[in-house]
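Coordinates as given in coords.json (JSON, C-alpha atoms):
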```
[["chain", "number", "residue", "atom", "x", "y", "z"],
["T", 244, "MET", "CA", 121.37, 55.23, 19.75],
["T", 245, "HIS", "CA", 124.62, 56.84, 18.61],
["T", 246, "ALA", "CA", 124.67, 59.87, 16.32],
["T", 247, "ILE", "CA", 126.90, 62.10, 14.21],
["T", 248, "ASN", "CA", 125.87, 65.75, 14.67],
["T", 249, "GLY", "CA", 122.54, 64.51, 16.04],
["T", 250, "PHE", "CA", 121.72, 62.39, 12.98],
["T", 251, "ILE", "CA", 121.54, 58.59, 12.88],
["T", 252, "PHE", "CA", 121.61, 55.85, 10.24],
["T", 253, "GLY", "CA", 122.97, 57.97, 7.39],
["T", 254, "ASN", "CA", 120.44, 60.82, 7.75],
["T", 255, "LEU", "CA", 123.06, 63.57, 8.20],
["T", 256, "PRO", "CA", 122.84, 65.97, 5.24],
["T", 257, "SER", "CA", 126.01, 64.92, 3.43],
["T", 258, "PRO", "CA", 128.78, 67.52, 3.82],
["T", 259, "VAL", "CA", 129.92, 68.45, 0.32],
["T", 260, "MET", "CA", 133.43, 69.56, -0.60],
["T", 261, "THR", "CA", 135.12, 70.42, -3.87],
["T", 262, "ALA", "CA", 138.00, 68.35, -5.25],
["T", 263, "GLY", "CA", 141.27, 69.91, -4.14],
["T", 264, "GLU", "CA", 139.69, 71.76, -1.21],
["T", 265, "ARG", "CA", 141.39, 71.65, 2.18],
["T", 266, "VAL", "CA", 138.95, 70.48, 4.84],
["T", 267, "ARG", "CA", 139.28, 70.57, 8.61],
["T", 268, "TRP", "CA", 137.22, 68.10, 10.63],
["T", 269, "TYR", "CA", 136.44, 68.79, 14.30],
["T", 270, "VAL", "CA", 135.59, 65.59, 16.17],
["T", 271, "LEU", "CA", 134.15, 65.62, 19.70],
["T", 272, "GLY", "CA", 133.54, 62.61, 21.94],
["T", 273, "MET", "CA", 130.61, 62.78, 24.35],
["T", 274, "GLY", "CA", 129.09, 60.31, 26.77],
["T", 275, "ASN", "CA", 130.54, 58.04, 29.43],
["T", 276, "GLU", "CA", 133.30, 55.44, 29.67],
["T", 277, "LYS", "CA", 131.48, 53.20, 27.17],
["T", 278, "ASP", "CA", 131.62, 55.89, 24.50],
["T", 279, "ILE", "CA", 135.11, 55.52, 23.09],
["T", 280, "HIS", "CA", 134.75, 56.22, 19.37],
["T", 281, "THR", "CA", 136.91, 55.47, 16.35],
["T", 282, "ALA", "CA", 135.77, 57.76, 13.55],
["T", 283, "HIS", "CA", 136.63, 56.19, 10.19],
["T", 284, "TRP", "CA", 136.57, 57.97, 6.83],
["T", 285, "HIS", "CA", 136.24, 55.78, 3.74],
["T", 286, "GLY", "CA", 138.01, 56.93, 0.59],
["T", 287, "LYS", "CA", 140.43, 59.38, 2.22],
["T", 288, "THR", "CA", 143.20, 59.76, 4.72],
["T", 289, "LEU", "CA", 143.55, 62.68, 7.09],
["T", 290, "ARG", "CA", 146.46, 64.35, 8.83],
["T", 291, "TRP", "CA", 145.98, 63.89, 12.58],
["T", 292, "ALA", "CA", 148.37, 63.77, 15.53],
["T", 293, "GLY", "CA", 151.38, 64.00, 13.23],
["T", 294, "ARG", "CA", 150.43, 61.09, 10.99],
["T", 295, "HIS", "CA", 148.27, 60.15, 8.01],
["T", 296, "THR", "CA", 145.34, 57.96, 8.97],
["T", 297, "ASP", "CA", 141.72, 57.18, 8.15],
["T", 298, "VAL", "CA", 140.74, 56.54, 11.79],
["T", 299, "VAL", "CA", 140.65, 59.06, 14.65],
["T", 300, "GLU", "CA", 140.20, 57.79, 18.22],
["T", 301, "VAL", "CA", 138.07, 60.00, 20.48],
["T", 302, "PHE", "CA", 137.48, 59.46, 24.19],
["T", 303, "PRO", "CA", 134.52, 60.90, 26.12],
["T", 304, "GLY", "CA", 135.02, 64.60, 26.78],
["T", 305, "SER", "CA", 137.87, 64.87, 24.28],
["T", 306, "MET", "CA", 138.30, 66.57, 20.93],
["T", 307, "ALA", "CA", 140.40, 66.06, 17.82],
["T", 308, "THR", "CA", 141.12, 68.18, 14.77],
["T", 309, "ALA", "CA", 142.02, 66.40, 11.53],
["T", 310, "ASP", "CA", 142.88, 67.88, 8.13],
["T", 311, "MET", "CA", 142.00, 66.44, 4.74],
["T", 312, "VAL", "CA", 142.64, 67.36, 1.14],
["T", 313, "ALA", "CA", 139.48, 66.43, -0.74],
["T", 314, "ASP", "CA", 141.07, 64.81, -3.79],
["T", 315, "ASN", "CA", 139.10, 61.59, -4.30],
["T", 316, "PRO", "CA", 135.67, 62.46, -5.83],
["T", 317, "GLY", "CA", 132.70, 60.38, -4.77],
["T", 318, "THR", "CA", 130.29, 59.84, -1.92],
["T", 319, "TRP", "CA", 132.01, 58.15, 1.00],
["T", 320, "LEU", "CA", 131.00, 56.59, 4.30],
["T", 321, "LEU", "CA", 131.99, 58.09, 7.65],
["T", 322, "HIS", "CA", 131.25, 55.91, 10.69],
["T", 323, "CYS", "CA", 132.42, 54.73, 14.08],
["T", 324, "HIS", "CA", 134.33, 51.45, 13.96],
["T", 325, "VAL", "CA", 132.96, 50.31, 17.33],
["T", 326, "ALA", "CA", 130.50, 47.62, 16.20],
["T", 327, "ASP", "CA", 127.63, 48.40, 18.59],
["T", 328, "HIS", "CA", 127.91, 52.15, 17.81],
["T", 329, "LEU", "CA", 127.70, 51.41, 14.09],
["T", 330, "ARG", "CA", 124.68, 49.15, 14.63],
["T", 331, "ALA", "CA", 123.10, 51.90, 16.75],
["T", 332, "GLY", "CA", 123.27, 54.41, 13.89],
["T", 333, "MET", "CA", 126.66, 56.14, 14.06],
["T", 334, "MET", "CA", 127.18, 56.51, 10.31],
["T", 335, "ALA", "CA", 126.94, 59.24, 7.69],
["T", 336, "THR", "CA", 128.23, 60.06, 4.23],
["T", 337, "TYR", "CA", 130.32, 62.91, 2.86],
["T", 338, "THR", "CA", 130.70, 63.93, -0.78],
["T", 339, "ILE", "CA", 133.69, 65.18, -2.75],
["T", 340, "ARG", "CA", 132.77, 66.77, -6.10]]
```

Would it be possible to restate this file's structure as C-alpha cells?
Amino acid sequence: MHAINGFIFGNLPSPVMTAGERVRWYVLGMGNEKDIHTAHWHGKTLRWAGRHTDVVEVFPGSMATADMVADNPGTWLLHCHVADHLRAGMMATYTIR
C-alpha cells in the first residue's frame, strides 16, 4: 500500500485552508527505487523549483517545499500520478473554504 501521512484511499482528514491563505506544502519521498512519486494537486497550481506547476516529483529520500495561494474554493483531490501508487491508496483530499 502507498499512503499520504499514513492514510490510504482518501482517509486522510482533509487539510482545510481559507480562501486567500498562503499555504506551504512539505513533501517527503520514502521507500526504495520503486517509490518515485509525482504528487498532483487538482484545482490549484503551486510555486515549486522556480515554476508554477500542479505536479511535484519526489524521489526516495528526498524532500520538496511548494507554496500555494488557496484561491479556488472547493474540495480537491491530491494524489500520486504513478498508476500503481494511486491504485494502492495514495490519494487524499484538501479543502479550500

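When only C-alpha atoms are used to compute distances to Val299 (chain T), the closest of the residues T:Pro316, T:Gly286, T:Gly272, T:Pro258 turns out to be T:Gly272.
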
Atomic distance CA of Ile279 (chain T) - CA of Asp297 (chain T), expressed in Å with one decimal: 16.4 Å

Which residues are close to Ala335 (chain T), i.e. within 7 Å by all atoms listed in the file, leaving aside same-chain residues fewer than 4 positions away? Reply as JSON, numbers by chain. {"T": [252, 253, 254, 255, 320, 321, 322]}

Please return, as a ChimeraX atom specification, all polymer residues that have at least one atom within 12 Å of the point (148.2, 64.8, 9.1); use only C-alpha atoms and the file's own coordinate frame. /T:265-268,287-299,307-312

Write the residues of the preceding selection, restricted to C-alpha atoms, as a compact mmCIF listing (two decimals), in the frame of the given file.
```txt
# COMPACT_ATOMS: atom_id res chain seq x y z
CA ARG T 265 141.39 71.65 2.18
CA VAL T 266 138.95 70.48 4.84
CA ARG T 267 139.28 70.57 8.61
CA TRP T 268 137.22 68.10 10.63
CA LYS T 287 140.43 59.38 2.22
CA THR T 288 143.20 59.76 4.72
CA LEU T 289 143.55 62.68 7.09
CA ARG T 290 146.46 64.35 8.83
CA TRP T 291 145.98 63.89 12.58
CA ALA T 292 148.37 63.77 15.53
CA GLY T 293 151.38 64.00 13.23
CA ARG T 294 150.43 61.09 10.99
CA HIS T 295 148.27 60.15 8.01
CA THR T 296 145.34 57.96 8.97
CA ASP T 297 141.72 57.18 8.15
CA VAL T 298 140.74 56.54 11.79
CA VAL T 299 140.65 59.06 14.65
CA ALA T 307 140.40 66.06 17.82
CA THR T 308 141.12 68.18 14.77
CA ALA T 309 142.02 66.40 11.53
CA ASP T 310 142.88 67.88 8.13
CA MET T 311 142.00 66.44 4.74
CA VAL T 312 142.64 67.36 1.14
```

One residue among T:Met333, T:Ala326, T:Thr281, T:Leu271 is nearest to Pro303 (chain T) when using all atoms listed in the file, and that residue is T:Leu271

Please provide as a PyMOL selection string all residues within 9 Å of Ala313 (chain T), with the sequence filter that same-chain residues fewer than 5 positions apart are discarded (counting only C-alpha atoms). chain T and resi 260-266+287+339-340

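Across the model, the gap from CA of Gly249 (chain T) to CA of His285 (chain T) is 20.4 Å.
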
Fewer than 5 positions away in the same chain doesn't count, so skip those; otherwise give me all residues within 7 Å of Ser257 (chain T), counting all atoms listed in the file, as a VMD selection string. chain T and resid 336 to 338

So the first atom is CA of His245 (chain T) and the second is CA of Asp327 (chain T); what is the distance between them in Å, to one decimal place?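 Between CA of His245 (chain T) and CA of Asp327 (chain T) the gap is 9.0 Å.
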
Choose the residue, out of T:Met244, T:Met306, T:Val259, T:Cys323, that has the smallest atom-to-atom separation from His283 (chain T); count all atoms listed in the file.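 Selected residue with least distance to His283 (chain T): T:Cys323.
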
Return the padded bounding box of region 294-309 of chain T as lines of an AutoDock Vina configuration file: axis-aligned, built from all atoms listed in the file, 3 Å added on each side, with centre and edge lengths in Å to one decimal.
```
center_x = 142.5
center_y = 62.4
center_z = 17.4
size_x = 21.9
size_y = 17.6
size_z = 24.8
```

Which of these, T:Val325, T:Glu276, T:Ser305, T:Met334, has the shortest distance to Pro256 (chain T) once you count all atoms listed in the file?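 Closest to Pro256 (chain T) of all the choices is T:Met334.
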